[in-house]
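Structure below is query-v1.pdb: PDB, C-alpha atoms and all ligand atoms.
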```
ATOM      1  CA  MET A   7      91.200 113.898 116.028
ATOM      2  CA  ILE A   8      93.681 112.417 113.560
ATOM      3  CA  THR A   9      96.260 109.948 114.888
ATOM      4  CA  ALA A  10      98.673 107.739 112.947
ATOM      5  CA  GLY A  11     100.922 104.721 113.199
ATOM      6  CA  CYS A  12     104.050 104.162 111.119
ATOM      7  CA  ASP A  13     105.670 100.693 111.065
ATOM      8  CA  VAL A  14     109.048 100.742 109.343
ATOM      9  CA  GLY A  15     109.954  97.062 108.976
ATOM     10  CA  SER A  16     112.932  95.352 107.423
ATOM     11  CA  LEU A  17     111.190  94.686 104.111
ATOM     12  CA  SER A  18     108.188  96.997 104.029
ATOM     13  CA  ALA A  19     106.907 100.207 105.596
ATOM     14  CA  LYS A  20     103.280 100.573 106.619
ATOM     15  CA  ALA A  21     101.176 103.594 107.663
ATOM     16  CA  VAL A  22      97.672 103.748 109.144
ATOM     17  CA  ILE A  23      95.678 106.925 109.763
ATOM     18  CA  LEU A  24      92.754 107.037 112.203
ATOM     19  CA  ASP A  25      90.091 109.672 112.713
ATOM     20  CA  SER A  26      88.891 109.441 116.328
ATOM     21  CA  GLY A  27      89.856 105.782 116.502
ATOM     22  CA  SER A  28      88.400 104.690 113.109
ATOM     23  CA  ILE A  29      90.564 103.776 110.117
ATOM     24  CA  VAL A  30      90.531 106.380 107.336
ATOM     25  CA  SER A  31      93.461 105.145 105.259
ATOM     26  CA  SER A  32      96.478 102.870 105.141
ATOM     27  CA  HIS A  33      99.390 102.239 102.809
ATOM     28  CA  VAL A  34     102.238  99.734 102.336
ATOM     29  CA  ILE A  35     105.499 100.242 100.400
ATOM     30  CA  PHE A  36     108.726  98.269  99.991
ATOM     31  CA  ALA A  37     111.256  99.622 102.477
ATOM     32  CA  ARG A  38     113.810 102.076 101.087
ATOM     33  CA  PRO A  39     117.468 101.878 102.159
ATOM     34  CA  GLU A  40     116.968 104.798 104.590
ATOM     35  CA  PRO A  41     114.198 104.261 107.175
ATOM     36  CA  GLU A  42     113.410 108.004 107.257
ATOM     37  CA  ASP A  43     112.697 107.925 103.526
ATOM     38  CA  SER A  44     110.430 104.887 104.000
ATOM     39  CA  ALA A  45     108.542 106.638 106.798
ATOM     40  CA  ARG A  46     108.003 109.856 104.843
ATOM     41  CA  GLU A  47     107.000 108.082 101.639
ATOM     42  CA  VAL A  48     104.518 105.651 103.205
ATOM     43  CA  MET A  49     102.910 108.268 105.433
ATOM     44  CA  GLY A  50     102.749 110.708 102.502
ATOM     45  CA  ALA A  51     100.818 108.131 100.455
ATOM     46  CA  ALA A  52      98.429 107.320 103.335
ATOM     47  CA  LEU A  53      97.803 111.063 103.894
ATOM     48  CA  GLU A  54      97.121 111.595 100.195
ATOM     49  CA  LYS A  55      94.532 108.779 100.193
ATOM     50  CA  ALA A  56      92.832 110.397 103.191
ATOM     51  CA  GLY A  57      92.999 113.941 101.721
ATOM     52  CA  LEU A  58      95.062 115.088 104.727
ATOM     53  CA  ARG A  59      98.409 116.804 105.339
ATOM     54  CA  LEU A  60     101.173 115.856 107.777
ATOM     55  CA  GLU A  61     100.205 118.859 109.963
ATOM     56  CA  ASP A  62      96.741 117.318 110.429
ATOM     57  CA  ILE A  63      98.209 114.399 112.426
ATOM     58  CA  GLU A  64      97.971 115.274 116.083
ATOM     59  CA  CYS A  65      99.782 112.250 117.402
ATOM     60  CA  CYS A  66     101.877 109.577 115.676
ATOM     61  CA  VAL A  67     103.544 106.454 117.097
ATOM     62  CA  GLY A  68     106.444 104.756 115.320
ATOM     63  CA  THR A  69     107.148 101.027 115.418
ATOM     64  CA  GLY A  70     109.153  98.342 113.610
ATOM     65  CA  TYR A  71     112.899  98.032 113.340
ATOM     66  CA  GLY A  72     113.161 101.598 111.957
ATOM     67  CA  ARG A  73     110.917 103.097 114.645
ATOM     68  CA  ASN A  74     113.568 105.492 115.917
ATOM     69  CA  HIS A  75     113.799 107.054 112.456
ATOM     70  CA  VAL A  76     110.201 108.182 111.983
ATOM     71  CA  PRO A  77     110.792 111.950 111.997
ATOM     72  CA  PHE A  78     107.145 112.899 112.619
ATOM     73  CA  ALA A  79     106.453 110.391 115.470
ATOM     74  CA  GLN A  80     106.086 111.646 119.023
ATOM     75  CA  SER A  81     106.880 108.274 120.572
ATOM     76  CA  VAL A  82     107.787 104.680 119.730
ATOM     77  CA  GLN A  83     106.398 101.290 120.717
ATOM     78  CA  SER A  84     107.707  97.765 120.184
ATOM     79  CA  GLU A  85     106.353  95.822 117.212
ATOM     80  CA  ILE A  86     105.191  93.161 119.670
ATOM     81  CA  ALA A  87     102.953  95.609 121.553
ATOM     82  CA  CYS A  88     101.636  97.084 118.274
ATOM     83  CA  HIS A  89     100.781  93.740 116.607
ATOM     84  CA  GLY A  90      99.068  92.696 119.837
ATOM     85  CA  ARG A  91      97.032  95.899 120.072
ATOM     86  CA  GLY A  92      96.106  95.949 116.374
ATOM     87  CA  ALA A  93      95.048  92.290 116.338
ATOM     88  CA  GLN A  94      92.993  92.662 119.509
ATOM     89  CA  TRP A  95      91.149  95.684 118.026
ATOM     90  CA  LEU A  96      90.276  93.698 114.883
ATOM     91  CA  LEU A  97      89.423  90.496 116.801
ATOM     92  CA  PRO A  98      88.492  91.334 120.408
ATOM     93  CA  GLY A  99      88.562  87.664 121.477
ATOM     94  CA  VAL A 100      92.078  86.982 120.250
ATOM     95  CA  ARG A 101      94.642  85.765 122.807
ATOM     96  CA  MET A 102      97.594  84.846 120.610
ATOM     97  CA  VAL A 103      99.153  86.518 117.574
ATOM     98  CA  ILE A 104     101.752  85.044 115.256
ATOM     99  CA  ASP A 105     103.448  87.791 113.238
ATOM    100  CA  ILE A 106     105.708  86.608 110.433
ATOM    101  CA  GLY A 107     107.551  89.464 108.779
ATOM    102  CA  GLY A 108     110.507  89.658 106.469
ATOM    103  CA  GLN A 109     113.200  89.341 109.075
ATOM    104  CA  ASP A 110     111.676  87.640 112.096
ATOM    105  CA  ALA A 111     108.730  85.647 113.428
ATOM    106  CA  LYS A 112     107.011  86.400 116.715
ATOM    107  CA  ALA A 113     104.473  84.581 118.863
ATOM    108  CA  ILE A 114     102.640  86.912 121.246
ATOM    109  CA  LYS A 115     100.191  86.046 124.048
ATOM    110  CA  LEU A 116      97.660  88.674 125.097
ATOM    111  CA  ASP A 117      95.288  89.332 127.973
ATOM    112  CA  GLU A 118      91.661  90.356 127.352
ATOM    113  CA  SER A 119      92.686  94.019 126.940
ATOM    114  CA  GLY A 120      95.315  93.288 124.305
ATOM    115  CA  ASN A 121      98.268  93.713 126.670
ATOM    116  CA  VAL A 122     101.236  91.441 125.983
ATOM    117  CA  VAL A 123     101.656  88.789 128.679
ATOM    118  CA  ARG A 124     104.293  86.598 127.005
ATOM    119  CA  TYR A 125     106.160  86.420 123.733
ATOM    120  CA  ALA A 126     108.837  84.539 121.854
ATOM    121  CA  TYR A 127     110.639  85.488 118.688
ATOM    122  CA  ASN A 128     113.193  84.241 116.246
ATOM    123  CA  ASP A 129     115.465  86.812 114.681
ATOM    124  CA  LYS A 130     118.624  84.679 114.648
ATOM    125  CA  CYS A 131     118.003  82.843 111.405
ATOM    126  CA  ALA A 132     115.996  83.559 108.249
ATOM    127  CA  SER A 133     114.552  80.019 108.097
ATOM    128  CA  GLY A 134     111.208  80.883 109.750
ATOM    129  CA  THR A 135     110.700  84.261 108.088
ATOM    130  CA  GLY A 136     109.308  85.836 104.936
ATOM    131  CA  ARG A 137     112.837  86.182 103.628
ATOM    132  CA  PHE A 138     113.094  82.356 103.450
ATOM    133  CA  LEU A 139     110.068  82.269 101.142
ATOM    134  CA  GLU A 140     111.391  85.164  99.072
ATOM    135  CA  VAL A 141     114.702  83.380  98.427
ATOM    136  CA  MET A 142     112.822  80.187  97.466
ATOM    137  CA  ALA A 143     110.447  82.118  95.175
ATOM    138  CA  GLY A 144     113.554  83.538  93.479
ATOM    139  CA  ALA A 145     115.063  80.045  93.045
ATOM    140  CA  LEU A 146     111.791  78.842  91.503
ATOM    141  CA  GLY A 147     111.445  81.941  89.313
ATOM    142  CA  LEU A 148     108.092  82.833  90.894
ATOM    143  CA  ARG A 149     106.480  85.921  92.411
ATOM    144  CA  ILE A 150     106.024  85.679  96.189
ATOM    145  CA  GLU A 151     102.309  86.517  95.839
ATOM    146  CA  ASP A 152     101.741  83.442  93.632
ATOM    147  CA  MET A 153     103.264  80.893  96.058
ATOM    148  CA  GLY A 154     100.024  80.302  98.000
ATOM    149  CA  ASP A 155      97.851  79.580  94.940
ATOM    150  CA  ILE A 156     100.433  77.310  93.343
ATOM    151  CA  SER A 157     100.917  75.307  96.571
ATOM    152  CA  SER A 158      97.160  74.595  96.713
ATOM    153  CA  ARG A 159      97.647  72.254  93.702
ATOM    154  CA  ALA A 160     100.170  70.056  95.578
ATOM    155  CA  LYS A 161      99.595  66.279  95.515
ATOM    156  CA  GLU A 162     102.743  64.963  97.224
ATOM    157  CA  PRO A 163     104.508  67.751  99.140
ATOM    158  CA  VAL A 164     108.273  67.230  99.290
ATOM    159  CA  THR A 165     110.210  67.007 102.561
ATOM    160  CA  ILE A 166     112.791  69.767 102.885
ATOM    161  CA  SER A 167     115.666  68.492 104.990
ATOM    162  CA  ASN A 168     117.799  71.645 105.211
ATOM    163  CA  GLN A 169     116.851  74.381 107.618
ATOM    164  CA  CYS A 170     119.520  76.826 106.465
ATOM    165  CA  VAL A 171     118.248  79.131 103.704
ATOM    166  CA  VAL A 172     121.408  78.742 101.631
ATOM    167  CA  PHE A 173     121.340  74.910 101.776
ATOM    168  CA  ALA A 174     117.565  74.788 101.323
ATOM    169  CA  GLU A 175     117.930  76.849  98.134
ATOM    170  CA  THR A 176     120.424  74.274  96.788
ATOM    171  CA  GLU A 177     118.013  71.505  97.812
ATOM    172  CA  ILE A 178     115.201  73.216  95.867
ATOM    173  CA  ILE A 179     117.364  73.410  92.756
ATOM    174  CA  SER A 180     118.088  69.651  93.063
ATOM    175  CA  LEU A 181     114.374  68.915  93.454
ATOM    176  CA  ILE A 182     113.588  70.953  90.315
ATOM    177  CA  ASN A 183     116.269  69.008  88.431
ATOM    178  CA  GLU A 184     114.779  65.721  89.681
ATOM    179  CA  GLY A 185     111.519  66.777  88.031
ATOM    180  CA  ARG A 186     109.508  67.339  91.212
ATOM    181  CA  HIS A 187     106.416  69.454  90.559
ATOM    182  CA  GLN A 188     106.455  73.107  91.606
ATOM    183  CA  PRO A 189     103.277  72.859  93.749
ATOM    184  CA  ASP A 190     104.780  69.938  95.694
ATOM    185  CA  ILE A 191     108.035  71.842  96.268
ATOM    186  CA  ILE A 192     106.248  74.985  97.467
ATOM    187  CA  ALA A 193     103.875  73.056  99.735
ATOM    188  CA  GLY A 194     106.943  71.314 101.233
ATOM    189  CA  LEU A 195     108.578  74.701 101.843
ATOM    190  CA  HIS A 196     105.439  76.004 103.556
ATOM    191  CA  ARG A 197     105.280  72.901 105.753
ATOM    192  CA  ALA A 198     108.938  73.194 106.760
ATOM    193  CA  MET A 199     108.561  76.852 107.644
ATOM    194  CA  ALA A 200     105.227  76.354 109.434
ATOM    195  CA  HIS A 201     106.836  73.650 111.537
ATOM    196  CA  ARG A 202     109.549  76.040 112.719
ATOM    197  CA  VAL A 203     107.093  78.834 113.543
ATOM    198  CA  ALA A 204     104.805  76.355 115.345
ATOM    199  CA  SER A 205     107.733  75.245 117.559
ATOM    200  CA  LEU A 206     108.281  78.879 118.505
ATOM    201  CA  ALA A 207     104.594  79.294 119.429
ATOM    202  CA  LYS A 208     104.476  75.985 121.317
ATOM    203  CA  GLY A 209     107.344  77.275 123.465
ATOM    204  CA  ILE A 210     104.940  79.788 125.053
ATOM    205  CA  GLU A 211     101.887  77.464 124.869
ATOM    206  CA  ILE A 212      99.382  77.762 122.078
ATOM    207  CA  ASP A 213      96.108  79.541 122.689
ATOM    208  CA  ARG A 214      93.262  78.447 120.396
ATOM    209  CA  GLU A 215      92.046  82.052 120.001
ATOM    210  CA  LEU A 216      94.895  82.700 117.618
ATOM    211  CA  THR A 217      95.440  84.895 114.567
ATOM    212  CA  MET A 218      98.243  85.531 112.098
ATOM    213  CA  THR A 219      99.622  88.962 111.109
ATOM    214  CA  GLY A 220     102.482  90.302 108.980
ATOM    215  CA  GLY A 221     103.027  90.056 105.244
ATOM    216  CA  VAL A 222     103.405  86.254 105.272
ATOM    217  CA  ALA A 223      99.773  85.922 106.459
ATOM    218  CA  LYS A 224      98.786  86.972 102.896
ATOM    219  CA  ASN A 225     100.156  83.660 101.675
ATOM    220  CA  ARG A 226      97.200  81.234 101.922
ATOM    221  CA  GLY A 227      99.491  78.248 101.602
ATOM    222  CA  MET A 228     101.496  79.345 104.655
ATOM    223  CA  PHE A 229      98.291  80.184 106.531
ATOM    224  CA  GLN A 230      96.976  76.657 105.994
ATOM    225  CA  ALA A 231     100.332  74.998 106.654
ATOM    226  CA  LEU A 232     100.536  76.849 109.963
ATOM    227  CA  GLU A 233      97.013  75.713 110.887
ATOM    228  CA  GLU A 234      98.104  72.125 110.248
ATOM    229  CA  ALA A 235     101.375  72.491 112.176
ATOM    230  CA  LEU A 236      99.608  74.076 115.161
ATOM    231  CA  GLY A 237      96.516  71.842 115.027
ATOM    232  CA  VAL A 238      94.392  74.991 115.447
ATOM    233  CA  LYS A 239      91.994  76.881 113.171
ATOM    234  CA  ILE A 240      93.543  80.346 112.778
ATOM    235  CA  MET A 241      91.105  83.271 113.196
ATOM    236  CA  GLU A 242      90.794  85.377 110.013
ATOM    237  CA  ILE A 243      91.105  89.149 110.391
ATOM    238  CA  GLY A 244      88.403  89.724 107.787
ATOM    239  CA  ASP A 245      88.907  92.385 105.136
ATOM    240  CA  ALA A 246      91.841  94.023 106.906
ATOM    241  CA  ASP A 247      95.327  93.632 105.436
ATOM    242  CA  PRO A 248      97.372  91.499 107.903
ATOM    243  CA  GLN A 249     100.496  93.401 106.885
ATOM    244  CA  ILE A 250      99.235  96.700 108.401
ATOM    245  CA  VAL A 251      98.290  95.300 111.832
ATOM    246  CA  GLY A 252     101.466  96.641 113.516
ATOM    247  CA  ALA A 253     100.912 100.144 112.083
ATOM    248  CA  LEU A 254      97.249  99.916 113.105
ATOM    249  CA  GLY A 255      98.268  99.035 116.668
ATOM    250  CA  ALA A 256     100.671 101.998 116.692
ATOM    251  CA  ALA A 257      97.896 104.342 115.495
ATOM    252  CA  LEU A 258      95.529 102.958 118.158
ATOM    253  CA  ILE A 259      98.151 103.473 120.872
ATOM    254  CA  ALA A 260      98.568 107.057 119.590
ATOM    255  CA  TRP A 261      94.774 107.506 119.863
ATOM    256  CA  GLU A 262      94.526 105.959 123.323
ATOM    257  CA  ASN A 263      97.483 107.955 124.673
ATOM    258  CA  ARG A 264      96.553 111.127 122.780
ATOM    259  CA  ASP A 265      96.526 113.346 125.841
ATOM    260  CA  SER A 266      99.882 112.223 127.204
ATOM    261  CA  GLU A 267     101.633 111.989 123.829
ATOM    262  CA  LYS A 268     100.320 115.103 122.087
ATOM    263  CA  PRO A 269     103.272 117.404 121.293
TER     264      PRO A 269
HETATM  265  N1  LIG B 301     101.157  89.614  98.537
HETATM  266  C1  LIG B 301     101.912  88.768  99.255
HETATM  267  N2  LIG B 301     101.725  87.436  99.166
HETATM  268  C2  LIG B 301     102.485  86.582  99.878
HETATM  269  N3  LIG B 301     103.458  86.948 100.723
HETATM  270  C3  LIG B 301     103.683  88.257 100.858
HETATM  271  C4  LIG B 301     102.928  89.241 100.153
HETATM  272  N4  LIG B 301     103.385  90.467 100.494
HETATM  273  C5  LIG B 301     104.364  90.254 101.387
HETATM  274  N5  LIG B 301     104.559  88.936 101.609
HETATM  275  C6  LIG B 301     105.518  88.312 102.531
HETATM  276  O1  LIG B 301     105.629  89.176 103.632
HETATM  277  C7  LIG B 301     106.990  89.370 103.988
HETATM  278  C8  LIG B 301     107.155  90.778 104.528
HETATM  279  O2  LIG B 301     106.298  90.898 105.639
HETATM  280  P1  LIG B 301     106.171  92.274 106.446
HETATM  281  O3  LIG B 301     105.872  93.388 105.516
HETATM  282  O4  LIG B 301     105.241  92.004 107.578
HETATM  283  O5  LIG B 301     107.687  92.400 106.965
HETATM  284  P2  LIG B 301     108.386  93.535 107.792
HETATM  285  O6  LIG B 301     107.429  94.090 108.813
HETATM  286  O7  LIG B 301     109.034  94.508 106.856
HETATM  287  O8  LIG B 301     109.525  92.670 108.490
HETATM  288  P3  LIG B 301     109.967  92.551 110.009
HETATM  289  O9  LIG B 301     108.752  92.707 110.868
HETATM  290  O10 LIG B 301     110.578  91.190 110.125
HETATM  291  O11 LIG B 301     110.973  93.680 110.190
HETATM  292  C9  LIG B 301     107.760  89.109 102.716
HETATM  293  O12 LIG B 301     109.016  88.534 103.040
HETATM  294  C10 LIG B 301     106.906  88.104 101.975
HETATM  295  O13 LIG B 301     107.303  86.776 102.334
HETATM  296 MG    MG B 302     107.018  93.700 110.807
END
```

Representation of the structure as structure tokens:
Amino acid sequence: MITAGCDVGSLSAKAVILDSGSIVSSHVIFARPEPEDSAREVMGAALEKAGLRLEDIECCVGTGYGRNHVPFAQSVQSEIACHGRGAQWLLPGVRMVIDIGGQDAKAIKLDESGNVVRYAYNDKCASGTGRFLEVMAGALGLRIEDMGDISSRAKEPVTISNQCVVFAETEIISLINEGRHQPDIIAGLHRAMAHRVASLAKGIEIDRELTMTGGVAKNRGMFQALEEALGVKIMEIGDADPQIVGALGAALIAWENRDSEKP
């Protein structure tokens, strides 16, 4: 039985297709202005990879900020529930998930079945989100995917004193003009952001069985900075793409609830 999850986020859209609870394909695209277009495009690409058609999907769950605009979904679930479920399926022992996306950061505590027991999130300010890093990459003239590698060459990470994205961008430009090295600036940015996300997680008590999901988890510099800020070794989710964990959770929920949610 084919089930699917579609996570339409603020910056990217993700789709995962399962055949009887096993992953057959997944896809990620940049979000389009209209969430419906994002949903159709990303699911179309995941179906093509799997050699399937939309009619083959028996049950689909939508999630993410655009979840109410996934035309082919039978039901919706919160991103928090989906990241929790997806992470727990990949790492059965996990008890805490930190999802950093483009627009918000979430810390989620789970029970042994992957149910959410507590969570905290920041969606008030871009300073602890992927968007913060994107603006800084732009100011430095770099690609977001290169930030992690470059930061690994840091010798003396800078201290970023401004939390606000707009002021921090000005601060970065001053640091460049002062001749500070790019790796030191980026490592300082990662530290500042990791510190903010760690405060969020500490607010609901850190569990050592912890993993990181969302697009920002692809940035090794941020991954390591968050380990340092939390004082915990973060569990790796292996070969899986951390960005698709929410869509995976949605597809798993569709599979688990297949009888009640089938159209
Ligand atoms: N290859 C990459 N290397 C480093 N960082 C990346 C990479 N791809 C994406 N990112 C980061 O991931 C962020 C987007 O994450 P994600 O796709 O999880 O967001 P989203 O689900 O659309 O947002 P939200 O959940 O807040 O609505 C980008 O802002 C960027 O910082
Ligand atoms: Mg997201």

List all protein, DNA and RNA residues that have an atom no more than 9 Å from any atom of ligand LIG 301 (chain B), counting only C-alpha atoms and all ligand atoms, and report them as an MDAnalysis selection string.
chainID A and resid 13:20 34:37 70:72 85 105:112 129 135:141 149:154 219:226 228 248:252

Please produce a file of those selected residues containing C-alpha atoms, as a PDB file, in the frame of the given file.
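Final file, part.pdb:
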```
ATOM      1  CA  ASP A  13     105.670 100.693 111.065  1.00  0.00           C
ATOM      2  CA  VAL A  14     109.048 100.742 109.343  1.00  0.00           C
ATOM      3  CA  GLY A  15     109.954  97.062 108.976  1.00  0.00           C
ATOM      4  CA  SER A  16     112.932  95.352 107.423  1.00  0.00           C
ATOM      5  CA  LEU A  17     111.190  94.686 104.111  1.00  0.00           C
ATOM      6  CA  SER A  18     108.188  96.997 104.029  1.00  0.00           C
ATOM      7  CA  ALA A  19     106.907 100.207 105.596  1.00  0.00           C
ATOM      8  CA  LYS A  20     103.280 100.573 106.619  1.00  0.00           C
ATOM      9  CA  VAL A  34     102.238  99.734 102.336  1.00  0.00           C
ATOM     10  CA  ILE A  35     105.499 100.242 100.400  1.00  0.00           C
ATOM     11  CA  PHE A  36     108.726  98.269  99.991  1.00  0.00           C
ATOM     12  CA  ALA A  37     111.256  99.622 102.477  1.00  0.00           C
ATOM     13  CA  GLY A  70     109.153  98.342 113.610  1.00  0.00           C
ATOM     14  CA  TYR A  71     112.899  98.032 113.340  1.00  0.00           C
ATOM     15  CA  GLY A  72     113.161 101.598 111.957  1.00  0.00           C
ATOM     16  CA  GLU A  85     106.353  95.822 117.212  1.00  0.00           C
ATOM     17  CA  ASP A 105     103.448  87.791 113.238  1.00  0.00           C
ATOM     18  CA  ILE A 106     105.708  86.608 110.433  1.00  0.00           C
ATOM     19  CA  GLY A 107     107.551  89.464 108.779  1.00  0.00           C
ATOM     20  CA  GLY A 108     110.507  89.658 106.469  1.00  0.00           C
ATOM     21  CA  GLN A 109     113.200  89.341 109.075  1.00  0.00           C
ATOM     22  CA  ASP A 110     111.676  87.640 112.096  1.00  0.00           C
ATOM     23  CA  ALA A 111     108.730  85.647 113.428  1.00  0.00           C
ATOM     24  CA  LYS A 112     107.011  86.400 116.715  1.00  0.00           C
ATOM     25  CA  ASP A 129     115.465  86.812 114.681  1.00  0.00           C
ATOM     26  CA  THR A 135     110.700  84.261 108.088  1.00  0.00           C
ATOM     27  CA  GLY A 136     109.308  85.836 104.936  1.00  0.00           C
ATOM     28  CA  ARG A 137     112.837  86.182 103.628  1.00  0.00           C
ATOM     29  CA  PHE A 138     113.094  82.356 103.450  1.00  0.00           C
ATOM     30  CA  LEU A 139     110.068  82.269 101.142  1.00  0.00           C
ATOM     31  CA  GLU A 140     111.391  85.164  99.072  1.00  0.00           C
ATOM     32  CA  VAL A 141     114.702  83.380  98.427  1.00  0.00           C
ATOM     33  CA  ARG A 149     106.480  85.921  92.411  1.00  0.00           C
ATOM     34  CA  ILE A 150     106.024  85.679  96.189  1.00  0.00           C
ATOM     35  CA  GLU A 151     102.309  86.517  95.839  1.00  0.00           C
ATOM     36  CA  ASP A 152     101.741  83.442  93.632  1.00  0.00           C
ATOM     37  CA  MET A 153     103.264  80.893  96.058  1.00  0.00           C
ATOM     38  CA  GLY A 154     100.024  80.302  98.000  1.00  0.00           C
ATOM     39  CA  THR A 219      99.622  88.962 111.109  1.00  0.00           C
ATOM     40  CA  GLY A 220     102.482  90.302 108.980  1.00  0.00           C
ATOM     41  CA  GLY A 221     103.027  90.056 105.244  1.00  0.00           C
ATOM     42  CA  VAL A 222     103.405  86.254 105.272  1.00  0.00           C
ATOM     43  CA  ALA A 223      99.773  85.922 106.459  1.00  0.00           C
ATOM     44  CA  LYS A 224      98.786  86.972 102.896  1.00  0.00           C
ATOM     45  CA  ASN A 225     100.156  83.660 101.675  1.00  0.00           C
ATOM     46  CA  ARG A 226      97.200  81.234 101.922  1.00  0.00           C
ATOM     47  CA  MET A 228     101.496  79.345 104.655  1.00  0.00           C
ATOM     48  CA  PRO A 248      97.372  91.499 107.903  1.00  0.00           C
ATOM     49  CA  GLN A 249     100.496  93.401 106.885  1.00  0.00           C
ATOM     50  CA  ILE A 250      99.235  96.700 108.401  1.00  0.00           C
ATOM     51  CA  VAL A 251      98.290  95.300 111.832  1.00  0.00           C
ATOM     52  CA  GLY A 252     101.466  96.641 113.516  1.00  0.00           C
TER      53      GLY A 252
END
```

With distances taken over only C-alpha atoms and all ligand atoms, which residue among A:Ala21, A:Ala145, A:Ile8, A:Ala260 lies nearest ligand MG 302 (chain B)?
A:Ala21

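If you measure from each of A:Met199, A:Ile156, A:Ala143, A:Val22 to Ile179 of chain A using only C-alpha atoms, the closest one turns out to be A:Ala143.
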
Mind telling me what the PyMOL selection byres (((chain A and resi 74) around 12) and not hetatm) catches here, as a compact mmCIF listing (two decimals) with C-alpha atoms, in the frame of the given file?
```
# COMPACT_ATOMS: atom_id res chain seq x y z
CA CYS A 12 104.05 104.16 111.12
CA ASP A 13 105.67 100.69 111.06
CA VAL A 14 109.05 100.74 109.34
CA GLY A 15 109.95 97.06 108.98
CA GLU A 40 116.97 104.80 104.59
CA PRO A 41 114.20 104.26 107.18
CA GLU A 42 113.41 108.00 107.26
CA ALA A 45 108.54 106.64 106.80
CA VAL A 67 103.54 106.45 117.10
CA GLY A 68 106.44 104.76 115.32
CA THR A 69 107.15 101.03 115.42
CA GLY A 70 109.15 98.34 113.61
CA TYR A 71 112.90 98.03 113.34
CA GLY A 72 113.16 101.60 111.96
CA ARG A 73 110.92 103.10 114.64
CA HIS A 75 113.80 107.05 112.46
CA VAL A 76 110.20 108.18 111.98
CA PRO A 77 110.79 111.95 112.00
CA PHE A 78 107.14 112.90 112.62
CA ALA A 79 106.45 110.39 115.47
CA GLN A 80 106.09 111.65 119.02
CA SER A 81 106.88 108.27 120.57
CA VAL A 82 107.79 104.68 119.73
CA GLN A 83 106.40 101.29 120.72
CA SER A 84 107.71 97.76 120.18
```

Which residues, protein or nucleic acid, reach to within 12 Å of (97.3, 76.5, 107.2) in the file's coordinates when using all atoms listed in the file, and can you give that as an mmCIF file with C-alpha atoms, in the frame of the given file?
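This went into selection_23.cif:
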```
data_model
loop_
_atom_site.group_PDB
_atom_site.id
_atom_site.type_symbol
_atom_site.label_atom_id
_atom_site.label_comp_id
_atom_site.auth_asym_id
_atom_site.auth_seq_id
_atom_site.Cartn_x
_atom_site.Cartn_y
_atom_site.Cartn_z
ATOM 1 C CA GLY A 154 100.024 80.302 98.000
ATOM 2 C CA SER A 157 100.917 75.307 96.571
ATOM 3 C CA SER A 158 97.160 74.595 96.713
ATOM 4 C CA ALA A 193 103.875 73.056 99.735
ATOM 5 C CA HIS A 196 105.439 76.004 103.556
ATOM 6 C CA ARG A 197 105.280 72.901 105.753
ATOM 7 C CA MET A 199 108.561 76.852 107.644
ATOM 8 C CA ALA A 200 105.227 76.354 109.434
ATOM 9 C CA HIS A 201 106.836 73.650 111.537
ATOM 10 C CA VAL A 203 107.093 78.834 113.543
ATOM 11 C CA ALA A 204 104.805 76.355 115.345
ATOM 12 C CA THR A 217 95.440 84.895 114.567
ATOM 13 C CA MET A 218 98.243 85.531 112.098
ATOM 14 C CA VAL A 222 103.405 86.254 105.272
ATOM 15 C CA ALA A 223 99.773 85.922 106.459
ATOM 16 C CA LYS A 224 98.786 86.972 102.896
ATOM 17 C CA ASN A 225 100.156 83.660 101.675
ATOM 18 C CA ARG A 226 97.200 81.234 101.922
ATOM 19 C CA GLY A 227 99.491 78.248 101.602
ATOM 20 C CA MET A 228 101.496 79.345 104.655
ATOM 21 C CA PHE A 229 98.291 80.184 106.531
ATOM 22 C CA GLN A 230 96.976 76.657 105.994
ATOM 23 C CA ALA A 231 100.332 74.998 106.654
ATOM 24 C CA LEU A 232 100.536 76.849 109.963
ATOM 25 C CA GLU A 233 97.013 75.713 110.887
ATOM 26 C CA GLU A 234 98.104 72.125 110.248
ATOM 27 C CA ALA A 235 101.375 72.491 112.176
ATOM 28 C CA LEU A 236 99.608 74.076 115.161
ATOM 29 C CA GLY A 237 96.516 71.842 115.027
ATOM 30 C CA VAL A 238 94.392 74.991 115.447
ATOM 31 C CA LYS A 239 91.994 76.881 113.171
ATOM 32 C CA ILE A 240 93.543 80.346 112.778
ATOM 33 C CA MET A 241 91.105 83.271 113.196
ATOM 34 C CA GLU A 242 90.794 85.377 110.013
#
```

Put the listed atoms of segment 55-58 of chain A in a box along x, y and z with 5 Å added on every side and give me the centre and edge lengths in Å to one decimal, as lines of an AutoDock Vina configuration file.
```
center_x = 93.9
center_y = 111.9
center_z = 102.5
size_x = 12.2
size_y = 16.3
size_z = 14.5
```

Could you tell me which residues the PyMOL selection byres (((chain A and resi 206) around 8) and not hetatm) grabs in this file, written as JSON, numbers by chain?
{"A": [112, 113, 126, 127, 128, 202, 203, 204, 205, 207, 208, 209, 210]}

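Note on the selection: in this file the PyMOL selection byres (((chain A and resi 257) around 7) and not hetatm) comes out as Thr9, Ala10, Gly11, Val22, Ile23, Leu24, Cys66, Val67, Ala253, Leu254, Gly255, Ala256, Leu258, Ile259, Ala260 and Trp261 of chain A.
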
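In terms of minimum interatomic distance to Pro98 of chain A, A:Glu215 ranks closest within A:Asp265, A:Glu47, A:Asp155, A:Glu215, counting only C-alpha atoms.
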
Length of the atom CA of Gly99 of chain A to atom CA of Leu116 of chain A vector [Å]:
9.8 Å

Of A:Ile86, A:Leu60, A:Met49, A:Ser28, the one sitting nearest ligand MG 302 (chain B) when using all atoms listed in the file is A:Ile86

Leaving out Leu216 of chain A and any residue of its chain fewer than 2 positions from it, which residues lie within 7 Å of it when counting all atoms listed in the file, given as a ChimeraX atom specification?
/A:100-103,213-214,240-241
